[in-house]
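Chemist: Questions regarding the structure given below will be posed in turn.
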Amino acid sequence: MILPDNVEKDKISAQVEHGVLNIVIPKLTEEETKKAQRVIEIN
């Protein structure tokens, strides 16, 4: 499964209840996404 970059991959959870699989995929806020991006300058 391919996930977008704005997903908190460490916090994904799944649960089966009464034969139904529930998957929770939390998304990062726009601020958190900007903080997670890194810029490396090459001189």
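Every chain in the structure tokens takes a letter, A first, then B, and so on in the order presented; its residues are numbered from 1, and the ligands are numbered from 1 following the presented order.
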DSSP says strand (DSSP E) for which residues of chain A? Put them as a list in words?
Modeler: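 For chain A, the strand (DSSP E) set is Ser13, Ala14, Gln15, Val16, Glu17, Val20, Leu21, Asn22, Ile23 and Val24 of chain A.
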Chemist: Determine, counting only C-alpha atoms, which protein, DNA and RNA residues have an atom within 6 Å of an atom of stretch 5-17 of chain A; residues of the same chain fewer than 6 positions away are not included. Present the result as a VMD selection string.
Modeler: chain A and resid 23 to 28
Chemist: May I have the residues from that selection written out with C-alpha atoms, as an mmCIF file, in the first residue's frame?
Modeler:
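Saved file result11.cif follows:
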data_model
loop_
_atom_site.group_PDB
_atom_site.id
_atom_site.type_symbol
_atom_site.label_atom_id
_atom_site.label_comp_id
_atom_site.auth_asym_id
_atom_site.auth_seq_id
_atom_site.Cartn_x
_atom_site.Cartn_y
_atom_site.Cartn_z
ATOM 1 C CA ILE A 23 -7.635 1.020 9.886
ATOM 2 C CA VAL A 24 -6.684 4.421 11.318
ATOM 3 C CA ILE A 25 -4.153 6.429 9.298
ATOM 4 C CA PRO A 26 -3.504 9.782 11.008
ATOM 5 C CA LYS A 27 -2.406 12.676 8.807
ATOM 6 C CA LEU A 28 0.112 15.359 9.704
#
Chemist: Can you tell me, as a list in words, which residues in chain A count as alpha helix (DSSP H) by DSSP?
Modeler: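 Answer for chain A restricted to alpha helix (DSSP H) is Glu30, Glu31, Glu32, Thr33, Lys34, Lys35 and Ala36 of chain A.
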Chemist: For the residues in that selection, give me C-alpha atoms as a PDB file, in the first residue's frame.
Modeler:
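For reference, selection.pdb as written:
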ATOM      1  CA  GLU A  30       0.326  21.372   7.271  1.00  0.00           C
ATOM      2  CA  GLU A  31       2.667  22.830   9.919  1.00  0.00           C
ATOM      3  CA  GLU A  32       3.984  19.382  10.886  1.00  0.00           C
ATOM      4  CA  THR A  33       4.506  18.515   7.216  1.00  0.00           C
ATOM      5  CA  LYS A  34       6.570  21.667   6.690  1.00  0.00           C
ATOM      6  CA  LYS A  35       8.675  20.891   9.785  1.00  0.00           C
ATOM      7  CA  ALA A  36       9.296  17.346   8.541  1.00  0.00           C
TER       8      ALA A  36
END
